[in-house]
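Shown below: coords.txt, with compact mmCIF, C-alpha atoms.
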```
# COMPACT_ATOMS: atom_id res chain seq x y z
CA MET Z 28 0.00 0.00 0.00
CA ARG Z 29 2.87 2.38 0.83
CA PHE Z 30 4.40 1.51 -2.56
CA SER Z 31 1.11 2.30 -4.34
CA ILE Z 32 0.83 5.70 -2.64
CA LEU Z 33 4.44 6.48 -3.56
CA ALA Z 34 3.88 5.40 -7.17
CA CYS Z 35 0.76 7.54 -7.48
CA SER Z 36 2.55 10.53 -5.97
CA LEU Z 37 5.46 10.09 -8.37
CA LEU Z 38 3.14 9.79 -11.37
CA SER Z 39 1.28 12.93 -10.30
CA PHE Z 40 4.58 14.78 -9.94
CA ILE Z 41 5.72 13.71 -13.40
CA VAL Z 42 2.39 14.73 -14.94
CA PHE Z 43 2.65 18.11 -13.21
CA ALA Z 44 6.25 18.54 -14.37
CA SER Z 45 5.38 17.66 -17.93
CA GLN Z 46 2.67 20.30 -18.04
CA THR Z 47 4.89 23.11 -16.85
CA SER Z 48 8.02 24.85 -18.02
CA PRO Z 49 11.24 25.39 -16.07
CA ALA Z 50 10.93 28.46 -13.89
CA HIS Z 51 14.05 29.94 -15.43
CA ALA Z 52 13.03 29.28 -19.06
CA VAL Z 53 14.04 32.26 -21.15
CA GLU Z 54 13.66 32.70 -24.88
CA PRO Z 55 17.10 32.47 -26.51
CA LYS Z 56 18.36 35.55 -28.29
CA GLU Z 57 19.72 34.94 -31.76
CA TYR Z 58 22.21 37.11 -33.64
CA THR Z 59 24.17 36.77 -36.87
CA LEU Z 60 27.59 38.39 -37.15
CA SER Z 61 28.87 40.09 -40.30
CA ASN Z 62 30.78 36.91 -41.23
CA ASP Z 63 27.55 34.89 -40.96
CA MET Z 64 28.44 33.18 -37.68
CA LYS Z 65 25.30 32.50 -35.69
CA VAL Z 66 25.23 33.43 -31.99
CA ILE Z 67 22.63 32.18 -29.51
CA LEU Z 68 22.59 33.67 -26.01
CA VAL Z 69 20.39 32.55 -23.12
CA GLU Z 70 20.25 34.53 -19.88
CA VAL Z 71 19.94 32.20 -16.87
CA PRO Z 72 20.81 34.22 -13.72
CA LYS Z 73 20.06 31.52 -11.15
CA ALA Z 74 23.78 30.88 -10.41
CA PRO Z 75 27.01 32.73 -11.34
CA VAL Z 76 28.10 30.15 -13.91
CA ALA Z 77 27.87 29.72 -17.67
CA THR Z 78 28.66 27.35 -20.51
CA VAL Z 79 30.31 28.45 -23.75
CA GLN Z 80 29.89 26.10 -26.71
CA VAL Z 81 31.04 26.30 -30.32
CA TRP Z 82 29.29 23.91 -32.72
CA TYR Z 83 30.68 23.15 -36.19
CA LYS Z 84 28.51 21.62 -38.88
CA VAL Z 85 30.85 18.75 -39.58
CA GLY Z 86 30.86 15.16 -38.41
CA SER Z 87 31.62 11.73 -39.81
CA ARG Z 88 28.84 12.16 -42.40
CA ASN Z 89 31.00 14.85 -44.06
CA GLU Z 90 33.90 12.47 -44.63
CA VAL Z 91 34.70 10.24 -47.59
CA MET Z 92 35.48 6.56 -47.88
CA GLY Z 93 39.08 5.96 -46.97
CA ARG Z 94 39.26 8.81 -44.47
CA ALA Z 95 36.73 7.76 -41.85
CA GLY Z 96 37.49 9.34 -38.49
CA LEU Z 97 38.87 12.59 -39.90
CA SER Z 98 36.44 14.82 -37.96
CA HIS Z 99 37.20 13.07 -34.68
CA MET Z 100 40.93 13.22 -35.36
CA LEU Z 101 40.70 16.97 -35.98
CA GLU Z 102 38.79 17.37 -32.71
CA HIS Z 103 41.81 15.93 -30.90
CA MET Z 104 44.20 18.21 -32.81
CA MET Z 105 42.19 21.30 -31.87
CA PHE Z 106 43.79 21.08 -28.41
CA LYS Z 107 47.36 21.11 -29.77
CA GLY Z 108 47.77 24.87 -29.71
CA THR Z 109 48.09 28.05 -31.73
CA ALA Z 110 50.81 30.69 -32.00
CA LYS Z 111 49.10 32.72 -29.28
CA TYR Z 112 48.22 29.81 -27.01
CA PRO Z 113 50.81 27.02 -27.47
CA LYS Z 114 50.26 23.34 -26.74
CA GLY Z 115 48.79 22.72 -23.30
CA THR Z 116 47.86 26.34 -22.70
CA PHE Z 117 44.17 26.10 -23.59
CA SER Z 118 43.01 23.59 -20.99
CA ARG Z 119 45.48 24.84 -18.39
CA LEU Z 120 44.06 28.37 -18.59
CA VAL Z 121 40.51 27.09 -18.31
CA ARG Z 122 41.36 24.96 -15.26
CA LYS Z 123 43.36 27.78 -13.69
CA ASN Z 124 40.22 29.90 -13.86
CA GLY Z 125 38.12 27.22 -12.18
CA GLY Z 126 36.52 25.78 -15.30
CA MET Z 127 36.57 22.60 -17.34
CA ASP Z 128 36.64 22.03 -21.09
CA ASN Z 129 36.17 19.20 -23.55
CA ALA Z 130 34.77 18.34 -26.96
CA PHE Z 131 32.76 15.66 -28.76
CA THR Z 132 32.26 14.47 -32.32
CA SER Z 133 29.21 12.71 -33.73
CA GLN Z 134 27.93 11.62 -37.11
CA ASP Z 135 26.52 15.14 -37.67
CA PHE Z 136 28.61 17.67 -35.75
CA THR Z 137 31.72 18.53 -33.75
CA ALA Z 138 31.36 20.72 -30.66
CA TYR Z 139 33.67 22.30 -28.09
CA PHE Z 140 32.71 23.63 -24.68
CA GLU Z 141 33.90 25.35 -21.53
CA ASN Z 142 31.92 25.34 -18.28
CA LEU Z 143 33.14 28.09 -15.96
CA ALA Z 144 32.24 31.02 -13.73
CA ALA Z 145 30.17 33.64 -15.51
CA ASP Z 146 32.82 36.33 -15.01
CA ARG Z 147 35.31 34.16 -16.96
CA VAL Z 148 33.20 33.82 -20.12
CA THR Z 149 35.40 36.27 -22.05
CA LEU Z 150 38.40 33.98 -21.54
CA ALA Z 151 36.57 31.05 -23.14
CA LEU Z 152 35.46 33.25 -26.03
CA GLU Z 153 39.03 34.45 -26.63
CA LEU Z 154 40.35 30.89 -26.66
CA GLU Z 155 37.67 29.62 -29.04
CA ALA Z 156 38.05 32.56 -31.44
CA ASP Z 157 41.79 32.03 -31.52
CA ARG Z 158 41.67 28.36 -32.50
CA MET Z 159 38.88 28.89 -35.02
CA GLN Z 160 41.47 30.42 -37.35
CA GLY Z 161 44.91 29.94 -35.78
CA LEU Z 162 45.26 26.19 -35.22
CA ILE Z 163 48.80 24.87 -35.78
CA LEU Z 164 48.86 21.36 -37.21
CA ASP Z 165 52.21 19.82 -36.33
CA ALA Z 166 53.37 16.56 -37.92
CA ASN Z 167 54.88 15.13 -34.73
CA GLU Z 168 51.82 16.02 -32.67
CA PHE Z 169 49.63 14.39 -35.29
CA LYS Z 170 51.59 11.12 -35.19
CA THR Z 171 51.37 11.02 -31.40
CA GLU Z 172 47.66 11.86 -31.29
CA ARG Z 173 46.84 9.32 -33.99
CA GLU Z 174 48.16 6.59 -31.69
CA VAL Z 175 45.96 7.98 -28.90
CA VAL Z 176 42.90 7.73 -31.16
CA LYS Z 177 43.84 4.21 -32.25
CA GLU Z 178 44.07 3.16 -28.61
CA GLU Z 179 40.68 4.78 -28.02
CA ARG Z 180 39.31 2.68 -30.87
CA ARG Z 181 40.79 -0.49 -29.36
CA LEU Z 182 39.07 0.18 -26.04
CA ARG Z 183 35.69 1.19 -27.47
CA ASN Z 184 35.38 -1.17 -30.42
CA GLU Z 185 38.06 -3.84 -30.72
CA ASP Z 186 38.01 -4.84 -27.03
CA ASP Z 187 34.27 -4.26 -26.55
CA PRO Z 188 32.30 -6.98 -28.40
CA GLN Z 189 28.99 -5.14 -28.01
CA GLY Z 190 30.52 -1.93 -29.36
CA ALA Z 191 31.88 -3.92 -32.30
CA LEU Z 192 28.39 -5.27 -33.03
CA VAL Z 193 26.88 -1.75 -33.01
CA GLU Z 194 29.55 -0.64 -35.48
CA ALA Z 195 28.86 -3.64 -37.72
CA LEU Z 196 25.10 -3.05 -37.57
CA PHE Z 197 25.45 0.49 -38.96
CA ALA Z 198 27.88 -0.74 -41.62
CA GLN Z 199 25.31 -3.29 -42.81
CA ALA Z 200 22.24 -1.05 -42.53
CA PHE Z 201 23.83 1.83 -44.47
CA MET Z 202 25.54 0.76 -47.68
CA SER Z 203 26.13 4.11 -49.39
CA HIS Z 204 25.38 6.80 -46.82
CA PRO Z 205 28.28 8.00 -44.59
CA TYR Z 206 26.50 6.66 -41.51
CA HIS Z 207 28.10 3.46 -42.81
CA TRP Z 208 31.42 4.16 -41.09
CA PRO Z 209 32.13 4.77 -37.40
CA VAL Z 210 32.77 8.25 -36.00
CA ILE Z 211 36.14 7.14 -34.63
CA GLY Z 212 37.17 5.67 -37.99
CA TRP Z 213 38.78 2.37 -38.95
CA PHE Z 214 42.44 1.50 -38.36
CA SER Z 215 43.23 1.50 -42.07
CA ASP Z 216 41.74 4.98 -42.50
CA LEU Z 217 43.56 6.34 -39.46
CA ASP Z 218 46.84 4.94 -40.77
CA ALA Z 219 46.24 6.44 -44.23
CA MET Z 220 45.34 9.88 -42.84
CA ASN Z 221 47.91 12.65 -43.25
CA LEU Z 222 48.44 16.25 -42.25
CA ASP Z 223 47.15 17.56 -45.58
CA ASP Z 224 43.83 15.76 -44.98
CA LEU Z 225 43.49 17.47 -41.60
CA GLN Z 226 44.42 20.89 -42.96
CA ARG Z 227 41.90 20.58 -45.79
CA HIS Z 228 39.18 19.48 -43.37
CA TYR Z 229 39.99 22.38 -41.03
CA ASP Z 230 40.03 24.95 -43.85
CA THR Z 231 36.75 23.64 -45.27
CA TYR Z 232 34.62 23.32 -42.16
CA TYR Z 233 36.16 25.43 -39.39
CA SER Z 234 34.90 28.81 -40.46
CA PRO Z 235 32.52 31.22 -38.73
CA ASN Z 236 29.79 30.75 -41.32
CA ASN Z 237 29.80 27.01 -40.57
CA ALA Z 238 29.66 27.46 -36.79
CA THR Z 239 27.22 28.38 -34.05
CA LEU Z 240 28.31 29.98 -30.77
CA ILE Z 241 26.07 29.34 -27.78
CA VAL Z 242 26.39 30.86 -24.32
CA VAL Z 243 23.93 29.90 -21.58
CA GLY Z 244 24.18 31.14 -18.01
CA ASP Z 245 24.46 34.21 -15.81
CA ILE Z 246 25.10 36.66 -18.67
CA LYS Z 247 23.60 39.80 -20.14
CA ALA Z 248 23.16 39.31 -23.86
CA ASP Z 249 23.34 43.00 -24.75
CA THR Z 250 26.56 43.39 -22.79
CA LEU Z 251 28.22 40.23 -24.07
CA LEU Z 252 27.36 40.61 -27.77
CA PRO Z 253 29.86 43.46 -28.47
CA THR Z 254 32.64 41.34 -26.95
CA ILE Z 255 31.65 38.40 -29.13
CA ALA Z 256 31.57 40.60 -32.23
CA LYS Z 257 35.00 42.04 -31.42
CA LEU Z 258 36.55 38.58 -31.06
CA PHE Z 259 34.85 36.67 -33.87
CA GLU Z 260 33.99 39.16 -36.62
CA PRO Z 261 37.66 39.64 -37.65
CA ILE Z 262 37.69 35.95 -38.65
CA PRO Z 263 36.97 35.90 -42.39
CA LYS Z 264 34.02 34.02 -43.77
CA GLY Z 265 35.00 30.79 -45.48
CA PRO Z 266 33.58 29.01 -48.52
CA SER Z 267 30.24 27.33 -47.90
CA PRO Z 268 30.80 23.57 -47.60
CA LYS Z 269 28.98 21.48 -50.18
CA ALA Z 270 25.74 19.94 -49.01
CA LEU Z 271 25.76 16.17 -48.65
CA ALA Z 272 24.02 14.67 -51.68
CA VAL Z 273 24.20 10.96 -50.78
CA THR Z 274 20.95 9.21 -49.91
CA GLU Z 275 20.50 5.59 -48.91
CA ALA Z 276 18.61 3.38 -51.38
CA PRO Z 277 15.50 1.57 -50.13
CA GLN Z 278 16.10 -1.79 -48.47
CA HIS Z 279 14.36 -4.75 -50.09
CA GLY Z 280 14.81 -7.64 -47.70
CA GLU Z 281 16.26 -8.46 -44.31
CA ARG Z 282 20.04 -8.38 -43.92
CA ARG Z 283 21.69 -10.74 -41.45
CA PHE Z 284 25.23 -11.19 -40.19
CA LEU Z 285 27.18 -12.93 -37.46
CA LEU Z 286 30.07 -11.42 -35.54
CA LYS Z 287 32.36 -13.85 -33.74
CA ARG Z 288 34.24 -12.30 -30.85
CA GLU Z 289 35.67 -13.31 -27.52
CA ALA Z 290 32.72 -12.67 -25.17
CA GLN Z 291 30.81 -14.14 -22.23
CA VAL Z 292 27.25 -14.15 -23.60
CA PRO Z 293 25.50 -13.68 -26.96
CA PHE Z 294 24.20 -10.26 -27.96
CA VAL Z 295 21.59 -9.61 -30.63
CA MET Z 296 20.66 -6.36 -32.38
CA MET Z 297 17.99 -5.42 -34.92
CA GLY Z 298 18.00 -2.11 -36.78
CA TYR Z 299 15.39 -0.41 -38.95
CA ARG Z 300 16.04 2.72 -41.01
CA VAL Z 301 13.59 5.42 -39.96
CA PRO Z 302 13.06 9.16 -40.58
CA ASN Z 303 14.61 11.97 -38.55
CA TYR Z 304 13.13 15.17 -37.10
CA SER Z 305 12.01 16.36 -40.56
CA SER Z 306 9.15 13.85 -40.53
CA ASP Z 307 6.05 14.22 -38.36
CA ASP Z 308 6.38 10.49 -37.66
CA SER Z 309 9.57 11.09 -35.66
CA TYR Z 310 7.60 12.10 -32.57
CA ALA Z 311 5.48 8.94 -32.70
CA LEU Z 312 8.65 6.88 -33.15
CA ASN Z 313 10.09 8.55 -30.07
CA VAL Z 314 7.01 7.63 -28.03
CA LEU Z 315 7.16 4.10 -29.45
CA GLU Z 316 10.73 3.75 -28.19
CA SER Z 317 9.64 4.87 -24.72
CA ILE Z 318 6.74 2.41 -24.57
CA LEU Z 319 8.94 -0.49 -25.60
CA SER Z 320 12.12 0.38 -23.77
CA HIS Z 321 12.07 3.06 -21.04
CA GLY Z 322 12.24 1.65 -17.53
CA LYS Z 323 11.38 -1.69 -15.97
CA SER Z 324 7.69 -1.21 -16.73
CA ALA Z 325 8.39 -1.07 -20.47
CA ARG Z 326 7.14 -3.90 -22.64
CA LEU Z 327 10.52 -5.37 -23.58
CA TYR Z 328 11.85 -5.53 -20.02
CA GLN Z 329 8.61 -6.91 -18.65
CA SER Z 330 8.47 -9.62 -21.27
CA LEU Z 331 12.07 -10.78 -21.72
CA VAL Z 332 13.70 -10.02 -18.37
CA TYR Z 333 10.88 -10.20 -15.81
CA GLU Z 334 8.45 -12.76 -17.25
CA GLN Z 335 10.39 -15.04 -19.62
CA LYS Z 336 13.76 -14.51 -17.91
CA THR Z 337 15.63 -15.12 -21.18
CA ALA Z 338 17.56 -11.84 -21.33
CA LEU Z 339 19.85 -10.03 -18.92
CA ALA Z 340 19.14 -6.69 -20.55
CA VAL Z 341 16.96 -5.51 -23.40
CA GLY Z 342 15.99 -2.19 -24.91
CA ALA Z 343 15.64 0.04 -27.94
CA ASP Z 344 17.15 3.30 -29.09
CA TYR Z 345 16.03 6.08 -31.42
CA GLY Z 346 17.22 9.64 -31.83
CA LEU Z 347 15.07 11.95 -33.91
CA MET Z 348 17.63 14.79 -33.80
CA GLN Z 349 19.83 13.63 -36.68
CA ALA Z 350 20.77 15.39 -39.89
CA ASP Z 351 19.63 12.41 -41.97
CA PRO Z 352 17.34 9.42 -41.44
CA GLY Z 353 18.94 7.07 -38.93
CA LEU Z 354 18.31 3.78 -37.15
CA PHE Z 355 15.69 2.59 -34.72
CA TYR Z 356 17.42 -0.38 -33.16
CA PHE Z 357 16.74 -3.07 -30.58
CA TYR Z 358 19.27 -4.93 -28.46
CA ALA Z 359 19.22 -7.86 -26.07
CA VAL Z 360 21.87 -9.51 -23.92
CA VAL Z 361 21.06 -13.22 -23.92
CA LYS Z 362 20.98 -14.90 -20.52
CA PRO Z 363 23.51 -17.75 -20.12
CA GLY Z 364 21.95 -21.05 -21.14
CA GLU Z 365 19.22 -19.46 -23.24
CA LYS Z 366 19.02 -19.64 -27.02
CA VAL Z 367 19.66 -16.58 -29.15
CA GLU Z 368 16.80 -17.54 -31.47
CA ALA Z 369 14.32 -17.56 -28.59
CA VAL Z 370 15.37 -14.08 -27.45
CA GLU Z 371 15.22 -12.73 -30.99
CA ASP Z 372 11.75 -14.21 -31.47
CA ALA Z 373 10.59 -12.67 -28.19
CA VAL Z 374 11.70 -9.21 -29.31
CA LEU Z 375 9.96 -9.68 -32.65
CA LYS Z 376 6.76 -10.76 -30.89
CA GLU Z 377 6.74 -7.52 -28.89
CA ILE Z 378 7.18 -5.56 -32.12
CA GLN Z 379 4.34 -7.51 -33.74
CA ARG Z 380 2.15 -7.01 -30.68
CA ILE Z 381 2.34 -3.22 -30.84
CA GLN Z 382 1.79 -3.39 -34.59
CA THR Z 383 -1.52 -5.16 -34.06
CA GLU Z 384 -2.57 -3.72 -30.68
CA PRO Z 385 -2.21 0.01 -30.02
CA PRO Z 386 -0.83 0.95 -26.60
CA SER Z 387 -3.30 1.57 -23.81
CA GLU Z 388 -3.98 5.13 -22.73
CA LEU Z 389 -2.07 4.45 -19.52
CA GLU Z 390 0.98 3.22 -21.45
CA LEU Z 391 0.79 6.15 -23.82
CA GLN Z 392 0.50 8.75 -21.07
CA ARG Z 393 3.28 7.17 -19.03
CA ALA Z 394 5.60 7.27 -22.05
CA LYS Z 395 4.76 10.90 -22.77
CA ASN Z 396 5.28 11.82 -19.12
CA GLN Z 397 8.71 10.19 -19.14
CA ILE Z 398 9.78 11.95 -22.33
CA GLU Z 399 8.44 15.37 -21.32
CA ALA Z 400 9.78 15.24 -17.78
CA ALA Z 401 13.26 14.25 -18.99
CA HIS Z 402 13.19 17.02 -21.60
CA ILE Z 403 12.22 19.67 -19.04
CA PHE Z 404 14.44 18.50 -16.20
CA GLU Z 405 17.58 18.38 -18.35
CA GLN Z 406 17.14 22.05 -19.21
CA ASP Z 407 17.77 22.83 -15.56
CA SER Z 408 21.42 22.47 -16.55
CA ASN Z 409 23.06 25.29 -18.50
CA PHE Z 410 25.19 22.73 -20.29
CA ARG Z 411 22.29 20.49 -21.32
CA GLN Z 412 20.16 23.44 -22.40
CA ALA Z 413 22.98 24.64 -24.64
CA MET Z 414 23.42 21.09 -25.93
CA LEU Z 415 19.79 20.86 -26.99
CA LEU Z 416 19.98 24.20 -28.80
CA GLY Z 417 23.31 23.41 -30.42
CA GLU Z 418 22.29 19.99 -31.64
CA ALA Z 419 19.01 21.20 -33.13
CA GLU Z 420 20.67 24.18 -34.80
CA THR Z 421 23.62 22.26 -36.20
CA ILE Z 422 21.71 19.37 -37.77
CA GLY Z 423 19.47 21.80 -39.65
CA ALA Z 424 16.32 21.63 -37.54
CA GLY Z 425 16.87 25.07 -36.01
CA TRP Z 426 16.99 25.79 -32.28
CA ARG Z 427 13.30 26.71 -32.18
CA LYS Z 428 12.53 23.03 -32.74
CA VAL Z 429 13.46 22.46 -29.10
CA ASN Z 430 10.52 24.58 -27.96
CA GLN Z 431 8.13 22.52 -30.10
CA PHE Z 432 9.20 19.17 -28.69
CA VAL Z 433 6.76 18.90 -25.77
CA GLU Z 434 3.77 20.09 -27.78
CA ARG Z 435 4.51 17.71 -30.64
CA THR Z 436 4.98 14.82 -28.23
CA ARG Z 437 1.65 15.49 -26.51
CA ALA Z 438 -0.12 15.36 -29.89
CA VAL Z 439 0.93 11.74 -30.54
CA THR Z 440 -1.97 9.27 -30.39
CA ALA Z 441 -2.05 5.54 -29.74
CA GLN Z 442 -2.99 5.05 -33.39
CA ASP Z 443 0.07 7.06 -34.46
CA VAL Z 444 2.32 4.75 -32.44
CA GLN Z 445 0.73 1.64 -33.92
CA ARG Z 446 0.94 3.08 -37.44
CA VAL Z 447 4.65 3.95 -37.33
CA ALA Z 448 5.45 0.58 -35.78
CA SER Z 449 3.67 -1.18 -38.64
CA HIS Z 450 5.15 1.03 -41.35
CA TYR Z 451 8.79 1.29 -40.33
CA LEU Z 452 9.46 -1.88 -38.30
CA ALA Z 453 8.84 -4.19 -41.25
CA ALA Z 454 10.69 -7.47 -41.74
CA ASP Z 455 12.07 -6.50 -45.16
CA MET Z 456 13.61 -3.33 -43.69
CA ARG Z 457 15.34 -5.10 -40.81
CA THR Z 458 19.07 -5.62 -40.34
CA THR Z 459 19.90 -8.24 -37.71
CA GLY Z 460 23.30 -8.86 -36.19
CA THR Z 461 24.26 -11.51 -33.65
CA LEU Z 462 27.37 -11.62 -31.52
CA VAL Z 463 28.56 -15.23 -31.29
CA PRO Z 464 30.78 -15.63 -28.19
CA GLN Z 465 34.17 -17.23 -28.71
CA PRO Z 466 36.30 -18.78 -25.96
CA PRO Z 467 39.34 -16.82 -24.79
CA GLN Z 468 42.39 -17.34 -26.91
CA THR Z 469 45.14 -19.12 -25.02
CA GLN Z 470 48.47 -17.46 -25.48
CA ALA Z 471 51.40 -19.72 -26.06
CA ALA Z 472 53.78 -19.76 -23.12
CA SER Z 473 56.94 -17.84 -23.83
CA PRO Z 474 60.18 -19.84 -23.62
CA THR Z 475 62.02 -19.65 -20.35
CA GLN Z 476 64.80 -17.08 -20.42
CA PRO Z 477 68.10 -17.82 -18.70
CA HIS Z 478 68.85 -15.75 -15.61
```
Please, can you express the file's structure as C-alpha cells?
Amino acid sequence: MRFSILACSLLSFIVFASQTSPAHAVEPKEYTLSNDMKVILVEVPKAPVATVQVWYKVGSRNEVMGRAGLSHMLEHMMFKGTAKYPKGTFSRLVRKNGGMDNAFTSQDFTAYFENLAADRVTLALELEADRMQGLILDANEFKTEREVVKEERRLRNEDDPQGALVEALFAQAFMSHPYHWPVIGWFSDLDAMNLDDLQRHYDTYYSPNNATLIVVGDIKADTLLPTIAKLFEPIPKGPSPKALAVTEAPQHGERRFLLKREAQVPFVMMGYRVPNYSSDDSYALNVLESILSHGKSARLYQSLVYEQKTALAVGADYGLMQADPGLFYFYAVVKPGEKVEAVEDAVLKEIQRIQTEPPSELELQRAKNQIEAAHIFEQDSNFRQAMLLGEAETIGAGWRKVNQFVERTRAVTAQDVQRVASHYLAADMRTTGTLVPQPPQTQAASPTQPH
C-alpha cells in the first residue's frame, strides 16, 4: 500500500512537471555576425556560472570513404595549440580559472565547450576565437595523437564486443550513406590519414559561417554581444561547404550477419532505417521507443527479463535529432543457457504485438510523461540546455525546434504509435546482427629465459 501511494505521488509529480516549463526558461536571443556566424545567447541568472559552446557543422557524415574518423581526429588536434596559445595552454588556462573544457564528435557535428564562472566567459570566447582560425597542425603532434585515437578505438570497439556489433550493424544497414562508417574511424583509414587531410578538413569546415556559438548562463546578452563581435567578426568568412548529396537506397529484404568475438554471452541487435526530425512520424517513433524500452515497466523488459527470464538486458534506441534518417534499433543480452533464437523471437513478438494492438492510454500517457519530464528536467542544466539548442541548430532543424518538442509529443496518439510501428518496423527493412561468443584465446607460453 505504501508503494502504491508512492507510485501515485510520483506519477502525479511527473504529470505536473510535464505540463509546466522550467521556472528559469528564457527565450534564446539569436544574432548573426557580419561573417555569418550564428550566436545564440540565453540569460539564466540563477547561479554565477555559464557554458560556452562552439558547434561546427561537420561530423563523420561529411567524410569520404578511406578517411573515416577525420572529424574526430581533428577534434583531438584542436587542443594542440596556436601561436598565441601554445600546446597545453588552452586547458590549463581554463582549469586555472576554475573551469573545465572538452569536446565531442558525432555523425553530424563537432562541438567544443567550456563550463566556468560567468565572469570568466570572455576567456573562453578568446580561446575559441583564436583556435577557429589559428590552429597549428604539427606533424609530430599528429603522429602522437593518432596513436591515442587508435588506442581509443581499441578500447571502445576492438576490445568491446557489443561496441563492435553496433559498429557492424550500422555498416550493414547503411551501404552508401556515410552513416556506414564509425565516427572514430577504422584503423586502415587512421593509418592512411595525413596532415594535408586534416588541414583541408579544417580549412573547409572550421569557419565562422559554418559554426554556431552558444552561451547559456548568468550573462547579459546585450553586454556580451559586443565582446563576441569584437573577437569573432575579424575571422573571415569561409567558402560554404557542399551539401551532402548521398541518400541511402531503399532496403528490399532483411540483412543478417554474425560477428564472432571473444565474449561471455551472446548479444543480438535489430536495426530499422527510420526518418529523422524532418518527418512528423519522428515524434510517434520517439514515443514508441519509450513504450517499448524506457524503464522496468516497459514492454521489452517486462516480457524478456521479468516474465520469460531469457535476457539479462533488453531495450531500444532512437534519436530523432539527426541530420539524416537514422536507425531505430533493438538490443538484447542473452541470458547464459538461453538460445539466441528464442530471445530474438521474443523481441519480434513484442514488435508484432504493438503493430496489431495500439498501446493503452495508460501506457501512452506514461511514455509521454517520461519523455516530457526528462526534456524539461535536463534544461535545468546550462550545459544540457545549450546542448539541446546546439544539436538542433547544427543538424538543420533550427533551435526553435526544441521549444516545439513537448507540444509535438503530446499530440501523438495511440494510433500514431501503432501506425509507425507497422510502417517502419517491417521485416524487409530489418538488419539483424548476432554476436557469437568465442572462448578466450590461449596465449602460447613464452620460452624460459636464462637468468
Which residues of range 196-244 of chain Z sit at most 12 Å from range 457-466 of chain Z, using only C-alpha atoms? Give each one's shortest atom pair and distance in Å (one decimal place), in chain and ascending residue order, as CSV.
```
residue,atom,partner,partner_atom,distance
Z:Leu196,CA,Z:Gly460,CA,6.2
Z:Phe197,CA,Z:Thr458,CA,8.9
Z:Ala198,CA,Z:Thr458,CA,10.2
Z:Gln199,CA,Z:Thr458,CA,7.1
Z:Ala200,CA,Z:Thr458,CA,6.0
Z:Phe201,CA,Z:Thr458,CA,9.8
Z:Met202,CA,Z:Thr458,CA,11.7
```
- Message: Residues within 10 Å of Arg437 in chain Z, please, as an NGL selection string. Count all atoms listed in the file; anything in the same chain fewer than 3 positions from it doesn't count.
- Response: :Z and (45-46 or 310-311 or 314 or 391-392 or 395-396 or 398-399 or 432-434 or 440)
Need to verify the contact set: Leu152 in chain Z, 12 Å, all atoms listed in the file, exclusion of same-chain residues closer than 6 positions in sequence. Can you return it as a PyMOL selection string? chain Z and resi 66+77-81+117+121+139-143+145-146+158-159+240-242+251-259
Just the number, please: distance in Å from CA of Gln349 in chain Z to CA of Arg88 in chain Z, one decimal.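 If I compute the distance from CA of Gln349 in chain Z to CA of Arg88 in chain Z, I get 10.8 Å.
Shortest atom-to-atom contact with Gly265 in chain Z among Z:Tyr112, Z:Gly298, Z:Asp63, Z:Arg435: Z:Asp63, counting all atoms listed in the file.
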re CA of Ala338 in chain Z and CA of Lys362 in chain Z: distance 4.7 Å
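Note that the spacing between CA of Tyr328 in chain Z and CA of Leu415 in chain Z amounts to 28.4 Å.
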Among Z:Asp455, Z:Asp245, Z:Asp165, Z:Glu155, Ser118 in chain Z is approached most closely, using all atoms listed in the file, by Z:Glu155
Could you work out an axis-aligned box for range 325-328 of chain Z, taking every atom the file lists and adding 6 Å on each side, and report centre and edge lengths in Å to one decimal, as JSON?
```
{"center_x": 9.5, "center_y": -3.3, "center_z": -21.8, "size_x": 16.7, "size_y": 16.5, "size_z": 15.6}
```
Worksheet entry | Exercise: Glu179 in chain Z partners within 12 Å, all atoms listed in the file, chain neighbours under 4 positions left out, as a PyMOL selection string | chain Z and resi 96+99-100+103+172-175+183-187+210-214+217
Check: Using all atoms listed in the file, which residue out of Z:Val69, Z:Pro293, Z:Ser133, Z:Trp82 lies closest to Glu54 in chain Z?
Finding: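 Checking each of Z:Val69, Z:Pro293, Z:Ser133, Z:Trp82 against Glu54 in chain Z, counting all atoms listed in the file, the winner is Z:Val69.
Using all atoms listed in the file, the shortest contact distance between Tyr299 in chain Z and any of Z:Phe169, Z:Phe106, Z:Tyr451, Z:Tyr83 is found at Z:Tyr451.
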The residue from Z:Leu150, Z:Leu68, Z:Ala110, Z:Ala369 with the smallest atom-to-atom distance to Gly125 in chain Z, counting only C-alpha atoms, is Z:Leu150
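Distance check against Glu316 in chain Z using all atoms listed in the file: of Z:Leu331, Z:Asp351, Z:Lys56, Z:Gln397, the minimum falls on Z:Gln397.
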* To do: Using only C-alpha atoms, determine which residues lie at most 10 Å from Gly342 in chain Z, disregarding the query and same-chain residues fewer than 5 positions distant; provide the list as a list in words.
  =>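 In the requested format, the answer is Met296, Glu316, Ser317, Leu319, Ser320, His321, Gly322, Ala325, Arg326, Leu327, Tyr328, Leu331, Tyr356, Phe357, Tyr358, Ala359, Val360 and Val374 of chain Z.
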Take the selection from the previous step and output its residues with C-alpha atoms, as a short mmCIF file (atom, residue, chain, number, x, y, z; two decimals), in the frame of the given file.
```
data_model
loop_
_atom_site.label_atom_id
_atom_site.label_comp_id
_atom_site.auth_asym_id
_atom_site.auth_seq_id
_atom_site.Cartn_x
_atom_site.Cartn_y
_atom_site.Cartn_z
CA MET Z 296 20.66 -6.36 -32.38
CA GLU Z 316 10.73 3.75 -28.19
CA SER Z 317 9.64 4.87 -24.72
CA LEU Z 319 8.94 -0.49 -25.60
CA SER Z 320 12.12 0.38 -23.77
CA HIS Z 321 12.07 3.06 -21.04
CA GLY Z 322 12.24 1.65 -17.53
CA ALA Z 325 8.39 -1.07 -20.47
CA ARG Z 326 7.14 -3.90 -22.64
CA LEU Z 327 10.52 -5.37 -23.58
CA TYR Z 328 11.85 -5.53 -20.02
CA LEU Z 331 12.07 -10.78 -21.72
CA TYR Z 356 17.42 -0.38 -33.16
CA PHE Z 357 16.74 -3.07 -30.58
CA TYR Z 358 19.27 -4.93 -28.46
CA ALA Z 359 19.22 -7.86 -26.07
CA VAL Z 360 21.87 -9.51 -23.92
CA VAL Z 374 11.70 -9.21 -29.31
#
```
Open item on the list: Please list as a ChimeraX atom specification every residue within 8 Å of range 381-384 of chain Z, counting all atoms listed in the file and excluding residues in the same chain fewer than 4 positions away.
Closed with: /Z:377,445-446,448-449
Preceding selection exported with C-alpha atoms as a short mmCIF file (atom, residue, chain, number, x, y, z; two decimals), in the frame of the given file:
```cif
data_model
loop_
_atom_site.label_atom_id
_atom_site.label_comp_id
_atom_site.auth_asym_id
_atom_site.auth_seq_id
_atom_site.Cartn_x
_atom_site.Cartn_y
_atom_site.Cartn_z
CA GLU Z 377 6.74 -7.52 -28.89
CA GLN Z 445 0.73 1.64 -33.92
CA ARG Z 446 0.94 3.08 -37.44
CA ALA Z 448 5.45 0.58 -35.78
CA SER Z 449 3.67 -1.18 -38.64
#
```
